[in-house]
file target-v4.txt (compact mmCIF, C-alpha atoms)
# COMPACT_ATOMS: atom_id res chain seq x y z
CA MET Z 254 86.45 43.70 -22.41
CA HIS Z 255 88.02 41.03 -20.24
CA LEU Z 256 91.41 41.59 -18.57
CA SER Z 257 93.78 38.75 -17.89
CA THR Z 258 95.03 38.06 -14.40
CA PRO Z 259 98.50 39.65 -14.99
CA GLN Z 260 96.80 42.80 -16.32
CA VAL Z 261 94.55 43.05 -13.21
CA GLN Z 262 97.51 42.71 -10.84
CA SER Z 263 99.45 45.33 -12.79
CA ALA Z 264 96.54 47.76 -12.60
CA LEU Z 265 96.20 47.28 -8.78
CA ARG Z 266 99.92 47.94 -8.27
CA ALA Z 267 99.68 51.14 -10.30
CA ALA Z 268 96.69 52.31 -8.25
CA ARG Z 269 98.50 51.68 -4.96
CA ALA Z 270 101.57 53.56 -6.16
CA ALA Z 271 99.48 56.56 -7.19
CA ARG Z 272 97.61 56.72 -3.84
CA THR Z 273 98.94 59.33 -1.38
CA HIS Z 274 99.52 57.97 2.16
CA VAL Z 275 97.29 59.70 4.72
CA ARG Z 276 97.50 58.92 8.48
CA CYS Z 277 94.00 58.70 9.94
CA LEU Z 278 93.02 58.67 13.62
CA ALA Z 279 90.13 56.49 14.82
CA THR Z 280 88.99 59.31 17.11
CA PRO Z 281 89.98 62.91 16.33
CA SER Z 282 91.71 64.61 19.26
CA SER Z 283 89.40 67.04 21.04
CA SER Z 284 92.09 68.38 23.35
CA LYS Z 285 94.52 69.58 20.67
CA GLY Z 286 92.71 72.84 20.00
CA SER Z 287 92.00 73.66 23.63
CA PHE Z 288 95.55 72.82 24.70
CA SER Z 289 96.98 75.06 21.98
CA GLN Z 290 94.65 77.84 23.06
CA THR Z 291 95.74 77.40 26.71
CA LEU Z 292 99.38 77.74 25.70
CA ALA Z 293 98.60 80.82 23.64
CA ASP Z 294 96.70 82.46 26.52
CA GLY Z 295 99.36 81.65 29.10
CA PRO Z 296 102.56 83.50 29.96
CA SER Z 297 105.14 83.78 27.18
CA LEU Z 298 108.89 83.27 27.39
CA ASP Z 299 109.33 87.03 27.72
CA ASP Z 300 106.96 87.00 30.72
CA PHE Z 301 109.07 84.38 32.50
CA ILE Z 302 112.30 86.25 31.74
CA ALA Z 303 110.77 89.49 33.04
CA ASP Z 304 109.40 87.66 36.12
CA ARG Z 305 105.81 88.56 35.17
CA VAL Z 306 104.31 85.17 36.14
CA PRO Z 307 101.53 84.37 38.65
CA ASP Z 308 102.69 83.93 42.27
CA LYS Z 309 100.63 80.75 42.65
CA VAL Z 310 99.43 78.12 40.21
CA VAL Z 311 96.29 76.26 41.35
CA LEU Z 312 95.95 72.66 40.19
CA GLY Z 313 93.08 70.21 40.61
CA ASN Z 314 89.54 70.91 41.84
CA LYS Z 315 89.39 74.52 43.03
CA THR Z 316 85.79 74.29 44.29
CA ALA Z 317 86.27 71.46 46.83
CA PRO Z 318 87.29 72.39 50.41
CA ARG Z 319 91.02 72.02 51.04
CA LEU Z 320 92.35 69.67 53.71
CA PRO Z 321 93.32 71.78 56.76
CA SER Z 322 96.75 71.30 58.34
CA TYR Z 323 95.24 70.01 61.61
CA LEU Z 324 93.88 66.97 59.75
CA LYS Z 325 97.27 65.85 58.45
CA THR Z 326 98.84 62.98 60.38
CA THR Z 327 102.31 61.44 60.60
CA ILE Z 328 103.45 58.07 59.28
CA PRO Z 329 102.62 55.35 61.88
CA LYS Z 330 105.57 53.91 63.80
CA GLY Z 331 106.64 52.55 67.19
CA ALA Z 332 107.30 49.20 68.88
CA SER Z 333 103.66 48.69 69.93
CA PHE Z 334 102.46 49.51 66.41
CA ALA Z 335 104.90 47.04 64.84
CA LYS Z 336 104.00 44.22 67.25
CA ILE Z 337 100.24 44.61 66.76
CA LYS Z 338 100.63 44.58 62.98
CA LYS Z 339 102.86 41.49 63.09
CA ASP Z 340 100.44 39.58 65.35
CA LEU Z 341 97.49 40.47 63.11
CA ARG Z 342 99.20 39.08 60.02
CA GLY Z 343 100.23 35.92 61.84
CA LEU Z 344 96.71 35.16 63.05
CA ASN Z 345 94.93 36.30 59.86
CA LEU Z 346 92.85 38.90 61.72
CA HIS Z 347 91.41 42.11 60.27
CA THR Z 348 91.18 45.55 61.85
CA VAL Z 349 88.83 48.38 60.98
CA CYS Z 350 91.86 50.63 61.48
CA GLU Z 351 93.37 49.24 58.28
CA GLU Z 352 90.24 48.39 56.30
CA ALA Z 353 88.66 51.82 56.82
CA ARG Z 354 92.01 53.62 56.28
CA CYS Z 355 91.80 55.36 59.65
CA PRO Z 356 94.19 58.34 59.94
CA ASN Z 357 94.84 57.60 63.63
CA ILE Z 358 96.24 54.09 63.34
CA GLY Z 359 99.70 55.16 64.52
CA ASP Z 360 98.33 56.95 67.60
CA CYS Z 361 95.95 54.19 68.68
CA TRP Z 362 98.34 51.29 68.11
CA GLY Z 363 101.35 53.14 69.46
CA GLY Z 364 99.89 54.28 72.78
CA LYS Z 365 101.11 57.49 74.43
CA GLU Z 366 104.42 59.22 73.77
CA GLY Z 367 107.06 58.96 76.48
CA MET Z 368 105.70 55.73 77.94
CA SER Z 369 107.61 52.52 78.50
CA ASP Z 370 106.80 49.53 76.29
CA ALA Z 371 104.55 48.00 78.95
CA GLU Z 372 102.74 51.30 79.61
CA GLY Z 373 102.39 51.93 75.87
CA LYS Z 374 100.78 48.54 75.33
CA LYS Z 375 98.29 49.16 78.12
CA ALA Z 376 97.37 52.56 76.65
CA ALA Z 377 97.17 51.24 73.07
CA THR Z 378 93.80 50.53 71.51
CA ALA Z 379 93.30 48.00 68.72
CA THR Z 380 89.99 47.64 66.92
CA ILE Z 381 89.51 44.10 65.62
CA MET Z 382 87.02 43.61 62.80
CA LEU Z 383 85.25 40.30 63.15
CA MET Z 384 83.49 38.13 60.56
CA GLY Z 385 85.84 38.93 57.70
CA ASP Z 386 86.61 42.07 55.73
CA THR Z 387 83.56 42.13 53.42
CA CYS Z 388 80.32 43.87 54.40
CA THR Z 389 76.82 43.19 53.06
CA ARG Z 390 75.96 46.90 53.21
CA GLY Z 391 77.22 49.88 51.25
CA CYS Z 392 77.32 53.08 53.29
CA ARG Z 393 78.46 56.09 51.27
CA PHE Z 394 81.20 57.06 53.76
CA CYS Z 395 82.82 53.67 54.35
CA SER Z 396 85.70 52.11 52.36
CA VAL Z 397 85.22 48.53 53.59
CA LYS Z 398 84.63 46.03 50.76
CA THR Z 399 81.00 45.09 50.05
CA SER Z 400 79.27 42.00 48.67
CA ARG Z 401 75.86 40.35 48.89
CA THR Z 402 77.54 37.00 49.45
CA PRO Z 403 80.69 37.43 51.58
CA PRO Z 404 82.84 34.42 52.50
CA PRO Z 405 81.59 32.15 55.34
CA LEU Z 406 82.61 32.83 58.93
CA ASP Z 407 85.89 31.46 60.24
CA PRO Z 408 84.92 29.15 63.15
CA HIS Z 409 88.40 29.62 64.67
CA GLU Z 410 88.19 33.42 64.72
CA PRO Z 411 86.86 33.78 68.30
CA GLU Z 412 89.71 31.62 69.65
CA ASN Z 413 92.36 33.33 67.49
CA THR Z 414 91.15 36.78 68.48
CA ALA Z 415 91.18 35.95 72.19
CA GLU Z 416 94.66 34.43 71.88
CA ALA Z 417 96.06 37.47 70.07
CA ILE Z 418 94.60 39.92 72.58
CA SER Z 419 95.88 37.98 75.58
CA ARG Z 420 99.39 37.95 74.05
CA TRP Z 421 99.44 41.69 73.32
CA GLY Z 422 98.75 42.68 76.89
CA LEU Z 423 96.54 45.60 75.85
CA GLY Z 424 94.42 47.29 78.47
CA TYR Z 425 91.44 48.00 76.24
CA ILE Z 426 90.16 46.26 73.12
CA VAL Z 427 87.44 47.30 70.69
CA LEU Z 428 85.65 44.61 68.72
CA THR Z 429 83.64 45.63 65.70
CA SER Z 430 82.37 43.80 62.65
CA VAL Z 431 81.14 44.13 59.14
CA ASP Z 432 77.37 43.82 58.72
CA ARG Z 433 76.38 40.25 57.86
CA ASP Z 434 72.78 40.42 56.68
CA ASP Z 435 73.42 37.10 54.92
CA LEU Z 436 73.46 35.31 58.31
CA ALA Z 437 70.28 34.39 60.19
CA ASP Z 438 71.49 36.02 63.43
CA GLY Z 439 73.59 38.73 61.77
CA GLY Z 440 76.65 37.19 63.43
CA ALA Z 441 75.44 37.85 67.01
CA HIS Z 442 76.48 34.42 68.33
CA HIS Z 443 79.93 34.74 66.73
CA PHE Z 444 80.35 38.19 68.32
CA ALA Z 445 79.23 37.00 71.76
CA GLU Z 446 81.48 33.92 71.64
CA THR Z 447 84.51 36.09 70.88
CA ILE Z 448 83.83 38.36 73.87
CA MET Z 449 83.36 35.41 76.24
CA LYS Z 450 86.63 33.79 75.12
CA ILE Z 451 88.52 37.06 75.61
CA LYS Z 452 87.18 37.41 79.14
CA GLN Z 453 88.14 33.79 79.87
CA LYS Z 454 91.74 34.28 78.72
CA ALA Z 455 92.27 37.87 79.92
CA PRO Z 456 89.55 38.96 82.37
CA HIS Z 457 91.42 42.18 83.19
CA ILE Z 458 91.05 43.58 79.66
CA LEU Z 459 88.20 46.00 79.10
CA VAL Z 460 86.13 45.04 76.05
CA GLU Z 461 84.09 47.43 73.94
CA ALA Z 462 81.78 45.94 71.31
CA LEU Z 463 80.95 48.23 68.38
CA THR Z 464 78.12 46.35 66.70
CA GLY Z 465 75.81 46.79 63.75
CA ASP Z 466 72.06 47.01 64.19
CA PHE Z 467 71.39 43.28 63.60
CA ALA Z 468 68.56 44.39 61.26
CA GLY Z 469 66.67 45.63 64.33
CA ASN Z 470 66.44 42.21 66.01
CA LEU Z 471 66.61 43.10 69.71
CA GLU Z 472 67.09 39.46 70.81
CA HIS Z 473 70.41 39.45 68.98
CA VAL Z 474 71.31 42.77 70.61
CA SER Z 475 70.64 41.21 74.04
CA LEU Z 476 72.81 38.21 73.20
CA VAL Z 477 75.85 40.43 72.64
CA ALA Z 478 74.98 42.79 75.50
CA LYS Z 479 74.94 39.90 78.01
CA SER Z 480 78.22 38.32 76.85
CA GLY Z 481 80.40 40.05 79.46
CA LEU Z 482 81.45 43.21 77.60
CA ASP Z 483 82.20 46.51 79.36
CA VAL Z 484 80.97 49.02 76.76
CA TYR Z 485 78.25 48.52 74.13
CA ALA Z 486 78.72 50.85 71.15
CA HIS Z 487 76.58 51.37 68.07
CA ASN Z 488 77.03 54.39 65.82
CA ILE Z 489 74.21 56.58 64.57
CA GLU Z 490 76.88 58.09 62.23
CA THR Z 491 74.91 61.25 61.37
CA VAL Z 492 71.73 63.21 62.09
CA GLU Z 493 68.31 61.74 61.35
CA ALA Z 494 67.59 63.88 58.28
CA LEU Z 495 70.81 62.82 56.52
CA THR Z 496 70.71 59.12 57.46
CA PRO Z 497 69.12 57.95 54.15
CA PHE Z 498 71.81 59.78 52.16
CA VAL Z 499 74.83 58.79 54.28
CA ARG Z 500 74.13 55.24 55.48
CA ASP Z 501 72.92 52.12 53.70
CA ARG Z 502 69.16 52.11 53.11
CA ARG Z 503 68.74 49.28 55.66
CA ALA Z 504 70.27 51.38 58.43
CA LYS Z 505 67.74 53.68 60.10
CA PHE Z 506 68.22 56.37 62.74
CA ARG Z 507 65.33 55.22 64.96
CA GLN Z 508 66.42 51.61 64.66
CA SER Z 509 69.88 52.58 65.92
CA LEU Z 510 68.33 54.36 68.90
CA GLN Z 511 66.36 51.21 69.74
CA VAL Z 512 69.57 49.13 69.64
CA LEU Z 513 71.31 51.45 72.11
CA GLU Z 514 68.30 51.67 74.41
CA HIS Z 515 67.77 47.92 74.46
CA ALA Z 516 71.46 47.26 75.18
CA LYS Z 517 71.18 49.42 78.31
CA LYS Z 518 68.00 47.62 79.37
CA SER Z 519 69.84 44.31 78.93
CA GLY Z 520 72.26 45.25 81.72
CA VAL Z 521 75.11 47.05 79.93
CA ARG Z 522 76.71 49.67 82.19
CA VAL Z 523 77.97 51.99 79.45
CA THR Z 524 76.50 52.63 76.00
CA LYS Z 525 78.26 54.68 73.37
CA THR Z 526 77.70 56.18 69.92
CA SER Z 527 79.48 58.36 67.39
CA MET Z 528 78.61 61.11 64.92
CA MET Z 529 80.51 62.44 61.91
CA LEU Z 530 80.43 66.17 61.28
CA GLY Z 531 80.99 67.82 57.92
CA VAL Z 532 78.47 65.84 55.86
CA GLY Z 533 75.88 68.61 55.52
CA GLU Z 534 74.25 68.70 58.97
CA ASN Z 535 73.16 71.89 60.75
CA GLU Z 536 73.16 72.85 64.45
CA ASP Z 537 69.45 72.18 65.04
CA GLN Z 538 69.80 68.69 63.62
CA ILE Z 539 72.78 67.92 65.85
CA MET Z 540 70.89 69.16 68.92
CA ASP Z 541 67.88 67.01 68.03
CA ALA Z 542 70.15 63.96 67.67
CA LEU Z 543 71.76 64.60 71.07
CA ARG Z 544 68.35 64.95 72.73
CA GLU Z 545 67.22 61.63 71.25
CA LEU Z 546 70.42 59.96 72.46
CA ARG Z 547 69.83 61.21 76.00
CA LYS Z 548 66.26 59.91 75.86
CA SER Z 549 67.73 56.50 74.98
CA ASP Z 550 70.06 56.76 78.01
CA VAL Z 551 73.27 56.76 75.94
CA ASP Z 552 76.30 57.50 78.15
CA VAL Z 553 79.14 58.34 75.76
CA VAL Z 554 79.15 60.27 72.48
CA THR Z 555 82.06 61.12 70.17
CA PHE Z 556 82.28 63.69 67.39
CA GLY Z 557 84.76 63.52 64.50
CA GLN Z 558 85.36 65.00 61.07
CA TYR Z 559 84.15 63.02 58.06
CA MET Z 560 87.10 62.22 55.80
CA ARG Z 561 86.40 61.06 52.25
CA PRO Z 562 88.25 57.74 51.83
CA THR Z 563 88.23 57.69 47.99
CA LYS Z 564 86.67 59.63 45.12
CA ARG Z 565 83.98 56.95 44.89
CA HIS Z 566 82.57 58.02 48.24
CA MET Z 567 80.44 61.01 49.17
CA LYS Z 568 82.16 64.39 49.21
CA VAL Z 569 83.07 66.37 52.31
CA ASP Z 570 80.57 69.19 52.77
CA ARG Z 571 82.92 71.22 54.99
CA TYR Z 572 85.86 70.88 57.35
CA VAL Z 573 84.75 71.70 60.88
CA GLU Z 574 87.07 73.94 62.91
CA PRO Z 575 88.55 72.55 66.18
CA ALA Z 576 86.79 75.33 68.12
CA GLU Z 577 83.41 74.04 66.95
CA PHE Z 578 84.30 70.53 68.10
CA ASP Z 579 85.18 71.99 71.50
CA ARG Z 580 81.80 73.71 71.63
CA TRP Z 581 79.90 70.50 70.86
CA LYS Z 582 81.88 68.74 73.59
CA GLN Z 583 80.73 71.35 76.09
CA VAL Z 584 77.13 71.18 74.86
CA ALA Z 585 77.01 67.38 75.16
CA GLU Z 586 78.59 67.42 78.63
CA ASP Z 587 76.04 70.01 79.78
CA MET Z 588 73.27 67.71 78.55
CA GLY Z 589 74.46 64.99 80.94
CA PHE Z 590 76.57 62.61 78.86
CA LEU Z 591 78.98 60.65 81.02
CA TYR Z 592 81.88 61.26 78.66
CA VAL Z 593 82.39 63.15 75.39
CA ALA Z 594 85.33 62.94 72.97
CA SER Z 595 85.21 65.61 70.28
CA GLY Z 596 87.82 66.67 67.73
CA PRO Z 597 88.66 66.61 64.01
CA LEU Z 598 90.58 63.33 64.23
CA VAL Z 599 88.39 61.63 66.83
CA ARG Z 600 86.76 58.40 65.69
CA SER Z 601 84.35 56.11 67.48
CA SER Z 602 87.20 54.04 68.93
CA TYR Z 603 90.01 56.61 68.64
CA LYS Z 604 92.27 56.03 71.66
CA ALA Z 605 89.20 54.53 73.32
CA GLY Z 606 91.22 52.88 76.07
CA GLU Z 607 93.09 56.04 76.86
CA PHE Z 608 89.91 58.11 77.01
CA TYR Z 609 88.04 55.53 79.06
CA ILE Z 610 90.83 54.87 81.55
CA GLU Z 611 91.67 58.55 82.02
CA ASN Z 612 88.01 59.35 82.53
CA VAL Z 613 87.64 56.62 85.15
CA LEU Z 614 90.76 57.82 86.94
CA ARG Z 615 89.49 61.39 86.78
CA GLY Z 616 86.17 60.24 88.23
CA LYS Z 617 87.92 58.48 91.10
CA SER Z 618 90.03 61.55 91.74
CA VAL Z 619 86.94 63.76 91.91
CA GLU Z 620 85.30 61.25 94.23
CA ARG Z 621 88.31 61.33 96.56
CA ARG Z 622 88.39 65.14 96.54
CA THR Z 623 84.68 65.26 97.32
CA LYS Z 624 85.09 62.90 100.27
CA THR Z 625 87.99 65.01 101.56
CA LEU Z 626 85.99 68.22 101.30
CA VAL Z 627 83.02 66.64 103.08
CA ALA Z 628 85.29 65.35 105.85
CA ASP Z 629 86.96 68.76 106.23
CA LYS Z 630 83.59 70.50 106.35
CA ALA Z 631 82.31 68.09 108.98
CA LEU Z 632 85.47 68.61 111.07
CA GLU Z 633 85.13 72.40 110.76
CA THR Z 634 81.49 72.25 111.85
CA GLU Z 635 82.35 70.02 114.80
CA THR Z 636 85.12 72.40 115.89
CA ASN Z 637 82.79 75.41 115.69
CA VAL Z 638 80.19 73.64 117.81
CA GLN Z 639 82.73 72.71 120.47
CA SER Z 640 84.09 76.24 120.65

call {"tool": "encode", "arguments": {"input": "target-v4.txt", "output": "C-alpha cells"}}
result
Amino acid sequence: MHLSTPQVQSALRAARAARTHVRCLATPSSSKGSFSQTLADGPSLDDFIADRVPDKVVLGNKTAPRLPSYLKTTIPKGASFAKIKKDLRGLNLHTVCEEARCPNIGDCWGGKEGMSDAEGKKAATATIMLMGDTCTRGCRFCSVKTSRTPPPLDPHEPENTAEAISRWGLGYIVLTSVDRDDLADGGAHHFAETIMKIKQKAPHILVEALTGDFAGNLEHVSLVAKSGLDVYAHNIETVEALTPFVRDRRAKFRQSLQVLEHAKKSGVRVTKTSMMLGVGENEDQIMDALRELRKSDVDVVTFGQYMRPTKRHMKVDRYVEPAEFDRWKQVAEDMGFLYVASGPLVRSSYKAGEFYIENVLRGKSVERRTKTLVADKALETETNVQS
C-alpha cells in the first residue's frame, strides 16, 4: 500500500504528539548519589539547633603538611621596593624574585626596617635574571617558564642592566640567569659582559653571579669567574641522592661541585652554594653534601625551606622547624664555612647584601678586638718584666 505525501506528514505529526518528552543527559551525574549520601550522613537541622556540630571542619587535602605560621610573609611594600619595581618595568628587565615567586621579595627589595631611604637602598638586594625569562631546563621545584627554543638574547641587556643598577644606588647586586643550553657558550659571554659593564659604571657595588653549570664546560665557568665579580655562586639545590628527582636530568651533583671548585681555581675570592631542605633528604645525606662542598673549597652555604610554587611542581616532603635550621648553621660553621645563612625563608640570594656586609663588618670588628687583646697582652708582659 502506498501512502500519499499528505498522509505521511499527518502520520509523523501524530507520532510526535504521542511521544512523551524525556530529558536525557549526555553523561549521567556520578556525584548526585554520593552528594545525597553525604548530606544524609551529615548533621541535621536539629543538630545545628542543639549545637551538636563538629568544632572544626577540615577542607582540602588532609594528608599534606600544613604551612606553618613562620613561613607566612607580609605583602611587599616600601619606597625602595616601589622604585626597584618601577625601574625594572621601564628597562624591560626580569628578576628571579618575581619569576620564581620568592616569598622574600618585600624584605630584599625594601632593605632593613628603620633605615633612611639611602641606607635602605644600600642594604637592599635585587636579583636580576639575565638572558630572558624562559629556561631550557625543567627542574621540578622551579616555576620559571621553560622552552627548548627560548627567544634570542637581547644585545642591549648588559648595558640596560648596568644602567639600572647604577641608578638604584644599591650596595649589593645578584645576577642570575635562566639556563640557555640552546646557546653555544650557554650565555657565558653575555653574563661576563654584564658584570664588566656594571663594574665600569659603579665599581663600588659588590656583584654576586649565581650561574648555571654551563653544561660542565669549565672554560665558560672561567670566563665568568674572571669578569670582575666578587662572589661566584652556583647551587647544588639538594643532596646527591635526590638530584635526579629534584633537578633537570642535565644537572648533576658532581658537575656542580666541579663548577664551584673551578671558579675558585680561576681566582674567585668567595664561592657560594645553596641547599633546599624538606624535599626528602636525611641527615647523613646533608652531612655528605657538606663534606663534598668543603673538599671543593666552597666558602658560603645557605639552607632554606623548599616551598612548592604550584600544584604542578613536586610536593613538600616536610616543613623543617627553625631549630633544625639553627642546628645546621652551627654544624656548617664548625666544618669551616666562611659564612652560613640558615632559616625557613632563607634563599640563595635572600638579603645577600645584608648578610655579606654584616659578616664583613663583623670580621673587621673581630680583627680589631684581636689586635687590641694582643697589644694589651704584650703591654702586660712588658710591664711584668720591668717590675

call {"tool": "atom_distance", "arguments": {"input": "target-v4.txt", "atom1": "atom CA of Z:Val427", "atom2": "atom CA of Z:Asp501"}}
result
22.9 Å

call {"tool": "closest_atom_pairs", "arguments": {"input": "target-v4.txt", "of": "stretch 384-445 of chain Z", "to": "stretch 465-486 of chain Z", "cutoff": "8 Å", "atoms": "all atoms listed in the file", "output": "Markdown table"}}
result
| residue | atom | partner | partner_atom | distance |
| --- | --- | --- | --- | --- |
| Z:Ser430 | CA | Z:Gly465 | CA | 7.3 |
| Z:Val431 | CA | Z:Gly465 | CA | 7.5 |
| Z:Asp432 | CA | Z:Gly465 | CA | 6.0 |
| Z:Asp434 | CA | Z:Ala468 | CA | 7.4 |
| Z:Asp438 | CA | Z:His473 | CA | 6.6 |
| Z:Gly439 | CA | Z:Phe467 | CA | 5.4 |
| Z:Ala441 | CA | Z:His473 | CA | 5.6 |
| Z:His442 | CA | Z:Leu476 | CA | 7.2 |
| Z:Phe444 | CA | Z:Val477 | CA | 6.6 |
| Z:Ala445 | CA | Z:Val477 | CA | 4.9 |

call {"tool": "closest_atom_pairs", "arguments": {"input": "target-v4.txt", "of": "stretch 526-545 of chain Z", "to": "stretch 561-580 of chain Z", "cutoff": "12 Å", "atoms": "all atoms listed in the file", "output": "JSON lines"}}
result
{"residue": "Z:Met528", "atom": "CA", "partner": "Z:Phe578", "partner_atom": "CA", "distance": 11.5}
{"residue": "Z:Met529", "atom": "CA", "partner": "Z:Val573", "partner_atom": "CA", "distance": 10.2}
{"residue": "Z:Leu530", "atom": "CA", "partner": "Z:Val573", "partner_atom": "CA", "distance": 7.0}
{"residue": "Z:Gly531", "atom": "CA", "partner": "Z:Arg571", "partner_atom": "CA", "distance": 4.9}
{"residue": "Z:Val532", "atom": "CA", "partner": "Z:Asp570", "partner_atom": "CA", "distance": 5.0}
{"residue": "Z:Gly533", "atom": "CA", "partner": "Z:Asp570", "partner_atom": "CA", "distance": 5.5}
{"residue": "Z:Glu534", "atom": "CA", "partner": "Z:Asp570", "partner_atom": "CA", "distance": 8.9}
{"residue": "Z:Asn535", "atom": "CA", "partner": "Z:Asp570", "partner_atom": "CA", "distance": 11.2}
{"residue": "Z:Glu536", "atom": "CA", "partner": "Z:Glu577", "partner_atom": "CA", "distance": 10.6}

call {"tool": "residues_around", "arguments": {"input": "target-v4.txt", "residues": "stretch 393-401 of chain Z", "least_positions_apart": "2", "cutoff": "8 Å", "atoms": "all atoms listed in the file", "output": "VMD selection string"}}
result
chain Z and resid 352 to 354 386 to 391 403 435 498 to 501 559 561 to 563 566 to 567

call {"tool": "atom_distance", "arguments": {"input": "target-v4.txt", "atom1": "atom CA of Z:Trp581", "atom2": "atom CA of Z:Arg507"}}
result
21.9 Å

call {"tool": "decode", "arguments": {"input": "target-v4.txt", "residues": "stretch 574-596 of chain Z", "atoms": "N, CA and C atoms", "output": "PDB file, in the first residue's frame"}}
result
ATOM      1  N   GLU Z 574      61.630  22.602  61.010  1.00  0.00           N
ATOM      2  CA  GLU Z 574      61.495  23.546  62.120  1.00  0.00           C
ATOM      3  C   GLU Z 574      62.675  24.527  62.154  1.00  0.00           C
ATOM      4  N   PRO Z 575      62.443  25.772  62.608  1.00  0.00           N
ATOM      5  CA  PRO Z 575      63.543  26.750  62.707  1.00  0.00           C
ATOM      6  C   PRO Z 575      64.716  26.249  63.540  1.00  0.00           C
ATOM      7  N   ALA Z 576      64.442  25.467  64.581  1.00  0.00           N
ATOM      8  CA  ALA Z 576      65.525  24.952  65.434  1.00  0.00           C
ATOM      9  C   ALA Z 576      66.465  24.039  64.648  1.00  0.00           C
ATOM     10  N   GLU Z 577      65.916  23.285  63.703  1.00  0.00           N
ATOM     11  CA  GLU Z 577      66.772  22.413  62.892  1.00  0.00           C
ATOM     12  C   GLU Z 577      67.641  23.230  61.951  1.00  0.00           C
ATOM     13  N   PHE Z 578      67.087  24.324  61.415  1.00  0.00           N
ATOM     14  CA  PHE Z 578      67.905  25.210  60.584  1.00  0.00           C
ATOM     15  C   PHE Z 578      69.049  25.803  61.404  1.00  0.00           C
ATOM     16  N   ASP Z 579      68.769  26.170  62.639  1.00  0.00           N
ATOM     17  CA  ASP Z 579      69.820  26.699  63.519  1.00  0.00           C
ATOM     18  C   ASP Z 579      70.918  25.656  63.748  1.00  0.00           C
ATOM     19  N   ARG Z 580      70.502  24.413  63.893  1.00  0.00           N
ATOM     20  CA  ARG Z 580      71.483  23.347  64.127  1.00  0.00           C
ATOM     21  C   ARG Z 580      72.383  23.146  62.912  1.00  0.00           C
ATOM     22  N   TRP Z 581      71.791  23.177  61.711  1.00  0.00           N
ATOM     23  CA  TRP Z 581      72.612  23.007  60.504  1.00  0.00           C
ATOM     24  C   TRP Z 581      73.549  24.199  60.305  1.00  0.00           C
ATOM     25  N   LYS Z 582      73.137  25.368  60.724  1.00  0.00           N
ATOM     26  CA  LYS Z 582      74.018  26.539  60.670  1.00  0.00           C
ATOM     27  C   LYS Z 582      75.250  26.303  61.538  1.00  0.00           C
ATOM     28  N   GLN Z 583      75.025  25.792  62.749  1.00  0.00           N
ATOM     29  CA  GLN Z 583      76.138  25.531  63.658  1.00  0.00           C
ATOM     30  C   GLN Z 583      77.044  24.434  63.127  1.00  0.00           C
ATOM     31  N   VAL Z 584      76.447  23.387  62.563  1.00  0.00           N
ATOM     32  CA  VAL Z 584      77.232  22.277  62.001  1.00  0.00           C
ATOM     33  C   VAL Z 584      78.122  22.776  60.866  1.00  0.00           C
ATOM     34  N   ALA Z 585      77.547  23.570  59.960  1.00  0.00           N
ATOM     35  CA  ALA Z 585      78.317  24.070  58.809  1.00  0.00           C
ATOM     36  C   ALA Z 585      79.425  25.016  59.254  1.00  0.00           C
ATOM     37  N   GLU Z 586      79.149  25.860  60.232  1.00  0.00           N
ATOM     38  CA  GLU Z 586      80.183  26.771  60.735  1.00  0.00           C
ATOM     39  C   GLU Z 586      81.329  25.988  61.387  1.00  0.00           C
ATOM     40  N   ASP Z 587      80.984  24.934  62.117  1.00  0.00           N
ATOM     41  CA  ASP Z 587      82.012  24.105  62.753  1.00  0.00           C
ATOM     42  C   ASP Z 587      82.867  23.373  61.721  1.00  0.00           C
ATOM     43  N   MET Z 588      82.323  23.160  60.532  1.00  0.00           N
ATOM     44  CA  MET Z 588      83.073  22.482  59.472  1.00  0.00           C
ATOM     45  C   MET Z 588      84.021  23.430  58.748  1.00  0.00           C
ATOM     46  N   GLY Z 589      83.908  24.748  59.040  1.00  0.00           N
ATOM     47  CA  GLY Z 589      84.861  25.691  58.460  1.00  0.00           C
ATOM     48  C   GLY Z 589      84.338  26.576  57.362  1.00  0.00           C
ATOM     49  N   PHE Z 590      83.029  26.596  57.126  1.00  0.00           N
ATOM     50  CA  PHE Z 590      82.496  27.512  56.113  1.00  0.00           C
ATOM     51  C   PHE Z 590      82.660  28.948  56.595  1.00  0.00           C
ATOM     52  N   LEU Z 591      83.021  29.822  55.670  1.00  0.00           N
ATOM     53  CA  LEU Z 591      83.257  31.225  55.994  1.00  0.00           C
ATOM     54  C   LEU Z 591      82.000  31.901  56.516  1.00  0.00           C
ATOM     55  N   TYR Z 592      80.866  31.569  55.920  1.00  0.00           N
ATOM     56  CA  TYR Z 592      79.603  32.171  56.338  1.00  0.00           C
ATOM     57  C   TYR Z 592      78.469  31.210  56.026  1.00  0.00           C
ATOM     58  N   VAL Z 593      77.469  31.155  56.906  1.00  0.00           N
ATOM     59  CA  VAL Z 593      76.315  30.277  56.739  1.00  0.00           C
ATOM     60  C   VAL Z 593      75.044  31.062  57.035  1.00  0.00           C
ATOM     61  N   ALA Z 594      74.094  31.038  56.115  1.00  0.00           N
ATOM     62  CA  ALA Z 594      72.758  31.607  56.356  1.00  0.00           C
ATOM     63  C   ALA Z 594      71.780  30.446  56.327  1.00  0.00           C
ATOM     64  N   SER Z 595      71.012  30.276  57.405  1.00  0.00           N
ATOM     65  CA  SER Z 595      70.132  29.124  57.507  1.00  0.00           C
ATOM     66  C   SER Z 595      68.826  29.511  58.174  1.00  0.00           C
ATOM     67  N   GLY Z 596      67.714  29.229  57.520  1.00  0.00           N
ATOM     68  CA  GLY Z 596      66.409  29.553  58.071  1.00  0.00           C
ATOM     69  C   GLY Z 596      65.312  29.174  57.104  1.00  0.00           C
TER      70      GLY Z 596
END
